[in-house]
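Next comes coords.txt, with compact mmCIF, C-alpha atoms.
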# COMPACT_ATOMS: atom_id res chain seq x y z
CA MET U 18 1.52 -27.92 21.65
CA ILE U 19 0.83 -27.00 18.01
CA ASP U 20 1.72 -29.68 15.46
CA ILE U 21 4.53 -28.35 13.23
CA GLU U 22 3.29 -30.59 10.42
CA ALA U 23 -0.21 -29.13 10.52
CA THR U 24 -1.47 -26.98 7.67
CA LEU U 25 -1.39 -23.21 8.02
CA TYR U 26 -5.16 -23.23 8.51
CA GLN U 27 -4.89 -25.81 11.31
CA LYS U 28 -2.09 -23.88 13.00
CA THR U 29 -4.04 -20.63 12.80
CA LYS U 30 -7.20 -22.24 14.15
CA ALA U 31 -5.24 -23.88 16.98
CA ILE U 32 -3.73 -20.54 18.05
CA ILE U 33 -7.09 -18.77 17.89
CA ASP U 34 -8.76 -21.49 19.97
CA ARG U 35 -5.88 -21.74 22.46
CA TYR U 36 -5.93 -18.05 23.27
CA GLY U 37 -9.67 -17.56 22.92
CA PHE U 38 -9.04 -14.80 20.43
CA SER U 39 -12.03 -12.83 19.10
CA PHE U 40 -11.75 -11.01 15.78
CA LYS U 41 -12.35 -7.27 15.92
CA LYS U 42 -14.07 -5.76 12.90
CA ASN U 43 -12.81 -2.26 13.71
CA PHE U 44 -9.23 -3.52 13.16
CA GLY U 45 -10.08 -5.33 9.92
CA GLN U 46 -8.56 -8.60 11.13
CA ASN U 47 -8.36 -11.38 8.53
CA PHE U 48 -5.62 -13.96 9.06
CA LEU U 49 -3.89 -15.67 6.16
CA ILE U 50 -4.32 -19.47 6.05
CA ASP U 51 -2.80 -20.34 2.66
CA GLN U 52 0.87 -21.37 2.66
CA ARG U 53 1.27 -20.77 -1.08
CA VAL U 54 0.22 -17.13 -0.68
CA LEU U 55 2.55 -16.73 2.28
CA ASP U 56 5.41 -18.04 0.13
CA LYS U 57 4.52 -15.57 -2.65
CA ILE U 58 4.63 -12.63 -0.23
CA ILE U 59 8.04 -13.70 1.06
CA ALA U 60 9.33 -14.17 -2.51
CA ALA U 61 8.05 -10.73 -3.56
CA GLY U 62 9.70 -9.19 -0.49
CA ASP U 63 13.13 -10.37 -1.70
CA ILE U 64 14.37 -10.48 1.89
CA GLN U 65 18.13 -10.49 2.38
CA ALA U 66 20.05 -11.60 5.49
CA ASP U 67 20.91 -8.02 6.52
CA ASP U 68 17.44 -6.52 5.93
CA VAL U 69 15.38 -4.74 8.58
CA VAL U 70 11.71 -5.38 7.81
CA LEU U 71 8.77 -3.37 9.09
CA GLU U 72 5.62 -5.47 9.35
CA ILE U 73 2.32 -3.67 9.86
CA GLY U 74 -0.36 -5.67 11.67
CA PRO U 75 1.35 -9.01 12.45
CA GLY U 76 -1.91 -10.55 13.69
CA ILE U 77 -0.96 -13.89 15.24
CA GLY U 78 2.56 -13.83 13.84
CA THR U 79 2.30 -16.18 10.86
CA LEU U 80 3.93 -13.84 8.35
CA THR U 81 6.19 -12.44 11.08
CA GLN U 82 7.83 -15.82 11.63
CA ALA U 83 8.39 -16.35 7.91
CA ILE U 84 10.05 -12.94 7.60
CA ALA U 85 12.17 -13.48 10.73
CA ARG U 86 13.66 -16.66 9.26
CA LYS U 87 15.21 -14.57 6.47
CA ALA U 88 15.72 -11.02 7.76
CA LYS U 89 18.19 -9.62 10.26
CA THR U 90 15.42 -7.84 12.19
CA VAL U 91 11.62 -7.64 12.09
CA ILE U 92 9.83 -4.64 13.59
CA ALA U 93 6.22 -5.74 14.01
CA VAL U 94 3.73 -2.94 14.74
CA GLU U 95 0.39 -4.17 16.12
CA ILE U 96 -2.40 -1.81 17.18
CA ASP U 97 -4.49 -4.46 19.00
CA ARG U 98 -3.05 -4.67 22.54
CA THR U 99 -4.90 -7.95 23.21
CA LEU U 100 -2.68 -9.60 20.59
CA ILE U 101 0.60 -8.60 22.23
CA PRO U 102 0.71 -11.40 24.89
CA LEU U 103 -0.21 -13.92 22.19
CA LEU U 104 2.50 -12.62 19.87
CA GLU U 105 5.11 -12.57 22.64
CA GLU U 106 4.52 -16.28 23.24
CA VAL U 107 4.11 -17.36 19.62
CA LEU U 108 7.27 -15.49 18.60
CA SER U 109 9.31 -16.39 21.70
CA ASP U 110 11.67 -18.67 19.74
CA PHE U 111 12.94 -15.68 17.73
CA ASP U 112 15.43 -13.15 19.08
CA ASN U 113 15.27 -10.85 16.04
CA ILE U 114 11.67 -9.66 16.37
CA ARG U 115 10.75 -6.35 18.00
CA LEU U 116 7.08 -5.85 18.89
CA ILE U 117 5.59 -2.37 19.04
CA ASN U 118 2.02 -1.88 20.28
CA ASP U 119 0.97 1.25 18.41
CA ASP U 120 -0.93 2.72 15.48
CA ILE U 121 1.36 2.58 12.42
CA LEU U 122 0.16 6.05 11.38
CA LYS U 123 1.69 7.39 14.60
CA VAL U 124 4.99 5.51 14.31
CA ASP U 125 8.05 7.51 13.23
CA ILE U 126 9.42 5.31 10.44
CA LYS U 127 12.28 7.72 9.78
CA ALA U 128 13.43 7.41 13.39
CA LEU U 129 13.32 3.61 13.17
CA SER U 130 15.36 3.69 9.98
CA GLU U 131 17.95 5.94 11.62
CA GLU U 132 18.06 3.68 14.67
CA TYR U 133 18.96 0.66 12.55
CA GLY U 134 21.15 2.60 10.16
CA ARG U 135 19.42 1.56 6.94
CA PRO U 136 16.21 1.95 4.91
CA LEU U 137 13.44 -0.44 5.94
CA LYS U 138 11.54 -2.93 3.84
CA VAL U 139 7.80 -2.96 4.47
CA ILE U 140 6.00 -6.31 4.22
CA SER U 141 2.43 -6.61 5.42
CA ASN U 142 -1.00 -8.14 5.16
CA LEU U 143 -2.68 -4.76 5.51
CA PRO U 144 -6.18 -4.40 7.00
CA TYR U 145 -8.42 -3.06 4.24
CA TYR U 146 -9.57 -0.02 6.21
CA ILE U 147 -6.08 1.48 6.43
CA THR U 148 -4.66 0.39 3.06
CA THR U 149 -4.55 3.72 1.24
CA PRO U 150 -3.77 5.92 4.29
CA VAL U 151 -0.81 3.72 5.28
CA ILE U 152 0.70 3.41 1.81
CA MET U 153 0.21 7.08 0.96
CA ASN U 154 1.56 8.13 4.37
CA ILE U 155 4.78 6.22 3.65
CA LEU U 156 5.09 7.51 0.08
CA GLU U 157 4.09 11.13 0.61
CA LYS U 158 6.29 11.56 3.69
CA GLU U 159 9.11 9.91 1.74
CA ALA U 160 9.80 7.57 4.63
CA PRO U 161 13.15 5.80 4.25
CA VAL U 162 11.90 2.49 2.86
CA SER U 163 13.48 0.61 -0.04
CA SER U 164 10.40 -1.46 -0.92
CA ILE U 165 6.80 -2.05 0.07
CA VAL U 166 5.16 -5.46 -0.42
CA VAL U 167 1.62 -5.52 0.90
CA MET U 168 -1.52 -7.57 0.58
CA ILE U 169 -4.48 -5.28 0.04
CA GLN U 170 -7.99 -5.30 -1.39
CA LYS U 171 -7.76 -6.38 -5.03
CA GLU U 172 -9.85 -3.44 -6.24
CA VAL U 173 -7.37 -0.99 -4.72
CA ALA U 174 -4.40 -2.94 -6.07
CA MET U 175 -5.84 -2.82 -9.59
CA ARG U 176 -6.32 0.94 -9.32
CA MET U 177 -2.82 1.51 -8.03
CA GLN U 178 -1.08 -0.25 -10.92
CA ALA U 179 -3.58 0.61 -13.68
CA ALA U 180 -2.43 2.05 -17.01
CA PRO U 181 -4.00 5.04 -18.85
CA GLY U 182 -7.13 4.18 -20.79
CA THR U 183 -8.15 1.22 -18.61
CA LYS U 184 -11.28 1.07 -16.46
CA ASP U 185 -9.29 1.01 -13.20
CA TYR U 186 -7.15 4.01 -14.06
CA GLY U 187 -7.66 7.07 -11.89
CA SER U 188 -6.01 9.61 -9.60
CA LEU U 189 -4.67 6.86 -7.30
CA SER U 190 -2.87 5.32 -10.28
CA VAL U 191 -1.18 8.62 -11.12
CA VAL U 192 -0.23 9.47 -7.54
CA THR U 193 1.21 5.98 -7.01
CA ALA U 194 3.24 6.27 -10.23
CA TYR U 195 4.51 9.67 -9.05
CA PHE U 196 6.22 8.08 -6.04
CA ALA U 197 7.01 4.50 -7.00
CA ASP U 198 7.19 1.72 -9.53
CA CYS U 199 4.24 -0.58 -8.85
CA TYR U 200 3.38 -4.08 -10.01
CA LEU U 201 0.90 -6.81 -9.08
CA ALA U 202 2.78 -9.73 -7.51
CA ALA U 203 -0.12 -12.12 -6.86
CA ASN U 204 -3.89 -12.46 -6.83
CA VAL U 205 -5.34 -13.82 -3.58
CA PRO U 206 -8.91 -15.20 -3.43
CA ARG U 207 -11.02 -14.52 -0.36
CA ASN U 208 -10.97 -18.17 0.78
CA CYS U 209 -7.30 -17.75 1.76
CA PHE U 210 -8.30 -15.98 4.98
CA ILE U 211 -10.06 -16.58 8.25
CA PRO U 212 -12.59 -15.08 8.66
CA ARG U 213 -13.30 -14.94 4.94
CA PRO U 214 -13.62 -11.30 3.74
CA ASN U 215 -16.29 -10.21 1.25
CA VAL U 216 -13.74 -9.27 -1.41
CA ASP U 217 -10.64 -10.73 -3.03
CA SER U 218 -7.13 -9.50 -2.30
CA ALA U 219 -3.87 -8.99 -4.15
CA VAL U 220 -0.21 -8.60 -3.29
CA ILE U 221 1.44 -5.50 -4.74
CA SER U 222 5.07 -4.50 -4.81
CA LEU U 223 6.10 -0.85 -4.68
CA LYS U 224 9.65 0.38 -5.23
CA PRO U 225 9.88 4.07 -4.26
CA TYR U 226 12.07 6.09 -6.62
CA ASP U 227 15.43 7.34 -5.36
CA LYS U 228 14.82 10.32 -7.62
CA LYS U 229 11.31 10.96 -8.89
CA PRO U 230 11.34 11.21 -12.71
CA TYR U 231 8.42 13.67 -12.80
CA ASP U 232 8.75 15.67 -9.60
CA THR U 233 7.35 19.17 -9.20
CA ALA U 234 7.94 22.03 -6.77
CA ASP U 235 4.19 22.32 -6.09
CA ARG U 236 3.14 18.77 -5.21
CA GLU U 237 -0.05 19.85 -3.47
CA GLY U 238 -1.15 21.78 -6.56
CA PHE U 239 -0.18 18.90 -8.83
CA PHE U 240 -2.21 16.36 -6.85
CA LYS U 241 -5.19 18.74 -6.86
CA PHE U 242 -4.84 18.94 -10.63
CA VAL U 243 -4.76 15.15 -10.98
CA LYS U 244 -7.73 14.68 -8.66
CA ALA U 245 -9.74 17.30 -10.54
CA ALA U 246 -8.93 15.60 -13.86
CA PHE U 247 -10.82 12.48 -12.70
CA SER U 248 -13.62 14.29 -10.86
CA MET U 249 -16.07 13.77 -13.73
CA ARG U 250 -15.28 10.63 -15.70
CA ARG U 251 -16.02 10.72 -19.41
CA LYS U 252 -15.86 14.53 -19.31
CA THR U 253 -13.07 16.40 -21.04
CA LEU U 254 -10.10 17.62 -19.05
CA VAL U 255 -11.10 21.20 -19.89
CA ASN U 256 -14.52 20.72 -18.30
CA CYS U 257 -13.10 18.96 -15.22
CA ILE U 258 -10.49 21.63 -14.52
CA GLY U 259 -12.83 24.49 -15.38
CA SER U 260 -15.48 23.17 -12.99
CA SER U 261 -13.20 22.29 -10.08
CA GLY U 262 -12.88 25.79 -8.60
CA ASP U 263 -9.31 25.02 -7.49
CA PHE U 264 -7.59 26.82 -10.35
CA ASP U 265 -7.65 30.45 -11.38
CA LEU U 266 -8.21 29.55 -15.02
CA THR U 267 -11.13 29.86 -17.40
CA LYS U 268 -11.93 26.96 -19.72
CA GLU U 269 -10.62 29.04 -22.60
CA GLU U 270 -7.33 29.72 -20.82
CA PHE U 271 -6.86 26.07 -19.95
CA SER U 272 -7.66 25.07 -23.55
CA GLU U 273 -4.80 27.29 -24.67
CA ILE U 274 -2.46 25.59 -22.19
CA LEU U 275 -3.46 22.19 -23.61
CA LYS U 276 -2.76 23.37 -27.14
CA LYS U 277 0.59 24.80 -26.10
CA ALA U 278 1.49 21.44 -24.52
CA GLY U 279 0.50 19.66 -27.72
CA TYR U 280 -2.79 18.07 -26.62
CA ASP U 281 -6.26 18.09 -28.15
CA GLU U 282 -8.63 20.24 -26.08
CA ARG U 283 -11.14 17.35 -26.13
CA ILE U 284 -8.78 14.98 -24.30
CA ARG U 285 -9.92 13.32 -21.08
CA GLY U 286 -7.97 12.73 -17.89
CA GLU U 287 -8.28 8.95 -18.31
CA ALA U 288 -6.09 9.14 -21.42
CA LEU U 289 -3.18 10.95 -19.77
CA SER U 290 -0.12 9.31 -18.24
CA LEU U 291 1.96 10.74 -15.38
CA PRO U 292 4.39 12.41 -17.85
CA ASP U 293 1.40 13.97 -19.63
CA PHE U 294 -0.05 15.38 -16.40
CA HIS U 295 3.37 16.70 -15.42
CA ARG U 296 3.90 18.41 -18.77
CA ILE U 297 0.53 20.16 -18.67
CA PHE U 298 0.81 21.20 -15.03
CA GLU U 299 4.20 22.80 -15.54
CA LEU U 300 2.56 25.18 -18.03
CA MET U 301 -0.30 26.18 -15.71
Structure translated into structure tokens:
Amino acid sequence: MIDIEATLYQKTKAIIDRYGFSFKKNFGQNFLIDQRVLDKIIAAGDIQADDVVLEIGPGIGTLTQAIARKAKTVIAVEIDRTLIPLLEEVLSDFDNIRLINDDILKVDIKALSEEYGRPLKVISNLPYYITTPVIMNILEKEAPVSSIVVMIQKEVAMRMQAAPGTKDYGSLSVVTAYFADCYLAANVPRNCFIPRPNVDSAVISLKPYDKKPYDTADREGFFKFVKAAFSMRRKTLVNCIGSSGDFDLTKEEFSEILKKAGYDERIRGEALSLPDFHRIFELM
């Protein structure tokens, strides 16, 4: 029996020892052992009594239980089949948790949303190796989710919410801003996990737009444009676009487009915001 008064670290260690669980590096398993961080994730998730929450990678169910105490339903998707028996026992006191043993990138989130008749909220301690693919898969496919609160590698979090002109600003910042409002909810040092990762983490909150303020008919072309703009840092936008090979434009032609849009031809991609990129692209 696990002592309910034990610390989160002690509870986690007791579960690991009881089930003889071995961490798998290929699944990026790092379990949260800090109650204060857990509380911050739950607070950032703003869980209401009628919410249906999608949790990606429940691990040993620590965050899952905290979500289940507040939400109507928790859909926990775990790729590691060896964790399913453990989760079934650990979560047996809850009747509002649905376990799915699958790869989240193969799960039809739209179908789940339709099944429950509402947009989902995503709350997760994401394994580092799938951070960007998972978040971008949700955003780019416009999955029916009302919010995304995830713990990810701090470096990625800083890039996602970075502003123009800062050292972390890049194509990921622009693409994130295209789909959602993003803010940093909490910094999480590496000693808050077992096993301890080599990098620090952060909790970010994403609120996908109901209507994108700077949408474009050619999203693929727009994202190519943004990526090309950051392909050679500290080089001018004219040089980056002219050297990319993805656009049927000479440097001289693109310079004219910049002038027409009201920008100096010496400007760099790092100085441009999402509205700036959108304005230029619409003239290309």
- stretch 87-96 of chain U: which residues within 10 Å, counting all atoms listed in the file, same-chain residues fewer than 6 positions away excluded, as a PyMOL selection string? chain U and resi 44+59+63-78+81+104+111-121+124+129+133+137-141
- Query: Between U:Lys171, U:Lys184, U:Lys252, U:Lys228, which one has atoms that come closest to U:Leu201, using only C-alpha atoms?
  - Reply: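 The shortest atom-to-atom distance to U:Leu201 comes from U:Lys171.
Across the structure, atom CA of U:Glu131 and atom CA of U:Ala160 are spaced 10.9 Å apart.
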- Query: Which of these residues is nearest to U:Val216, using all atoms listed in the file: U:Met177, U:Pro230, U:Gly259, U:Gln170?
  - Reply: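 Looking only at the distances to U:Val216, the closest residue turns out to be U:Gln170.
In this structure, atom CA of U:Val191 sits 14.1 Å away from atom CA of U:Ile152.
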- Rounded to one decimal in Å, what is the spacing between atom CA of U:Asp97 and atom CA of U:Ala31?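 Distance reported for this atom pair: 19.5 Å.
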- Measuring atom to atom with only C-alpha atoms, identify which of U:Val173, U:Phe38, U:Phe264, U:Arg251 is nearest to U:Arg98.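 Closest to U:Arg98, using only C-alpha atoms: U:Phe38.
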- Do you know which residues are at most 6 Å from U:Leu223 counting all atoms listed in the file, after dropping those on the same chain fewer than 3 positions away, and could you put them as a count of residues only? 5
- Task: Within 7 Å of U:Ala179, counting only C-alpha atoms, which residues show up once you throw out same-chain ones fewer than 5 positions away? Write them as number ranges by chain, please.
- Result: U: 185-186, 190
- Do you know which residues are at most 12 Å from U:Gln52 counting only C-alpha atoms, after dropping those on the same chain fewer than 4 positions away, and could you put them as number ranges by chain? U: 23-29, 48, 56-59, 79-80, 83, 205, 209-210
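Minimum atom-to-atom distances from U:Gln46, U:Ser222, U:Gln178, U:Ser260 to U:Ile147 were compared using all atoms listed in the file, and the lowest value belongs to U:Gln46.
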- Is there a way to get, as a PyMOL selection string, all residues within 12 Å of the point (-6.0, 28.5, -19.1) in file coordinates, counting all atoms listed in the file? chain U and resi 254-256+258-259+264-278+282+297-298+300-301
- Rank U:Ala60, U:Tyr195, U:Met168, U:Pro292 by their smallest atom-to-atom distance to U:Met153, using all atoms listed in the file, and report the top residue only. U:Tyr195
- Best match for closeness to U:Lys127 among U:Lys158, U:Arg53, U:Lys241, U:Arg285, counting all atoms listed in the file: U:Lys158
Where is the centre and how long are the edges: axis-aligned box on stretch 257-265 of chain U, 8 Å on each side, Å to one decimal, as lines of an AutoDock Vina configuration file:
center_x = -11.5
center_y = 24.7
center_z = -11.4
size_x = 23.9
size_y = 27.5
size_z = 23.9
- Quick one: everything within 9 Å of U:Ala202, counting only C-alpha atoms, minus sequence neighbours fewer than 2 positions away in the same chain. Send it as a list in words.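 Near U:Ala202, the qualifying residues are Lys57, Ile58, Ala61, Val166, Tyr200, Asn204, Ala219, Val220, Ile221 and Ser222 of chain U.
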